[in-house]
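Asker: Just passing along the structure, written as structure tokens.
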Amino acid sequence: PPSPQPPQIRVEHLPHTIQSAICASIPAIGRQHPDYVDLRHAVIALGGYFGSRLMTNIRERKGLTYGIGAALIGVRKSGMVQISAQCDTEYTDTVVEEIRNELKLLASEPMCEDEMTRLRRDVMSTLATTLDTPLSIMDYYESALLAGIPNGYYAAQVRSITSMTPERLCRLAACYLHPEELRIAIATILADIHFIPKITGGGRYTHVCQPPPAFAYVCLSASARLYIRFCKHTAIP
């Protein structure tokens with residue numbers, strides 16, 4: 001993965017908001033890469049289901065957010081890991097720091113067999129719903145066309161998750177999920193940007209007081225737009 005290019009943090013002032021919307025991304029490999037399917041399962045372990053690391057720590061243990069998630073979004077030659085959450089403005093810096101901590105832990109502490117079993121069950125049950133309804137079938141063909149899903153992609157997921165080991169997940173996280181490569185976008189109110197020094201560690205960031213109208217949508221859900229904004233100048237092998 002490439003080295004990050006500053007600034008890596010963008011803070012947008014959105015008046016009348018009562019929460020911070022946090023959207024963080026890491027440039028990643030594309031669907032054609034041989035590690036893509038395995039990395040997808042590492043990202044699911046990080047934040048892709050209710051028992052994931054991010055959800056267990058930041059929601060269940062610390063109560064900092066109602067929901068937080070992570071996903072690997074891939075196209076033909078590149079991709080990104082996206083992590084998103086909303087929280088009280090008072091806890092913005094804490095949530096960002098806990099995201100960084102969980103990325104480090106995933107790369108350094110292999111999960112126990114019970115956690116590995118829960119991950120396998122979630123991946124397999126999710127795969128079973130891929131062609132469950134007419135809409136999901138339509139989504140399948142849409143993704144195959146637009147994202148360049150290779151032949152045998154879903155069979156490869158079954159092989160990957162059934163043979164996955166905790167040590168393999170650690171190696172994938174250490175290789176591809178670097179906290180220092182996070183591109184972080186935060187939409188919040190101007191009065192609550194006291195958290196910036198803690199998040200940046202005194203480093204650079206971009207602060208925009210009058211954001212474009214679409215920025216709230218970017219922070220909340222538009223992963224493609226965030227990818228373009230933060231990663232379009234990054235060469236991803």
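In the structure tokens, chains take letters A, B, ... by order of appearance, with residues numbered from 1 within each chain and ligands from 1 in the order shown.
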Which residues are near Cys23 (chain A)? Cut-off 6 Å, only C-alpha atoms, ignore same chain within fewer than 5 positions. Put them as a PyMOL selection string.
Answerer: chain A and resi 83-84+184-185+219
Asker: If we count only C-alpha atoms, what is near Ser52 (chain A) at a cut-off of 10 Å, once residues fewer than 2 positions away on the same chain are taken out, given as a count of residues only?
Answerer: 18
Asker: Once you count only C-alpha atoms, what closest atom pair and distance in Å to one decimal does each residue of region 109-196 of chain A within 8 Å of region 8-20 of chain A have, with rows by chain and rising residue number, as a tab-separated table?
Answerer:
```
residue	atom	partner	partner_atom	distance
A:Glu181	CA	A:Gln8	CA	7.9
A:Leu182	CA	A:Gln8	CA	6.8
A:Arg183	CA	A:Gln8	CA	4.7
A:Ile184	CA	A:Ile9	CA	4.7
A:Ala185	CA	A:Arg10	CA	4.8
A:Ile186	CA	A:Val11	CA	4.8
A:Ala187	CA	A:Glu12	CA	4.8
A:Thr188	CA	A:Ser20	CA	4.6
A:Ile189	CA	A:His13	CA	5.0
A:Leu190	CA	A:His13	CA	5.2
```
Asker: If DSSP is run on the backbone, what residues of region 32-193 of chain A are strand (DSSP E or B)? A reply as a PyMOL selection string would be ideal.
Answerer: chain A and resi 68-74+79-88+183-188
Asker: Have a look at A:Ile58, A:Val75, A:Ala107, A:Leu64 and name the one nearest to Arg171 (chain A); count only C-alpha atoms.
Answerer: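 Checking each candidate against Arg171 (chain A), we get A:Ala107 as the closest.
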Asker: Could you check the closest approach to Gln82 (chain A) for each of A:Thr133, A:Ser25, A:Thr94, A:Ser108 and tell me which residue wins, using only C-alpha atoms?
Answerer: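 When distances to Gln82 (chain A) are compared using only C-alpha atoms, the smallest one comes from A:Ser25.
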Asker: Pick out each residue of region 46-101 of chain A that DSSP on the backbone tags as alpha helix (DSSP H); I need them as a ChimeraX atom specification.
Answerer: /A:46-47,53-54,92-101
Asker: Skip Tyr153 (chain A) itself and residues of its chain fewer than 3 positions away, then list as a PyMOL selection string all residues within 10 Å of it, counting only C-alpha atoms.
Answerer: chain A and resi 31-32+37+144+149-150+156-158
Asker: Find the distance between CA of Gly79 (chain A) and CA of Gly67 (chain A) and write it in Å to one decimal.
Answerer: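 Straight-line distance from CA of Gly79 (chain A) to CA of Gly67 (chain A) works out to 23.1 Å.
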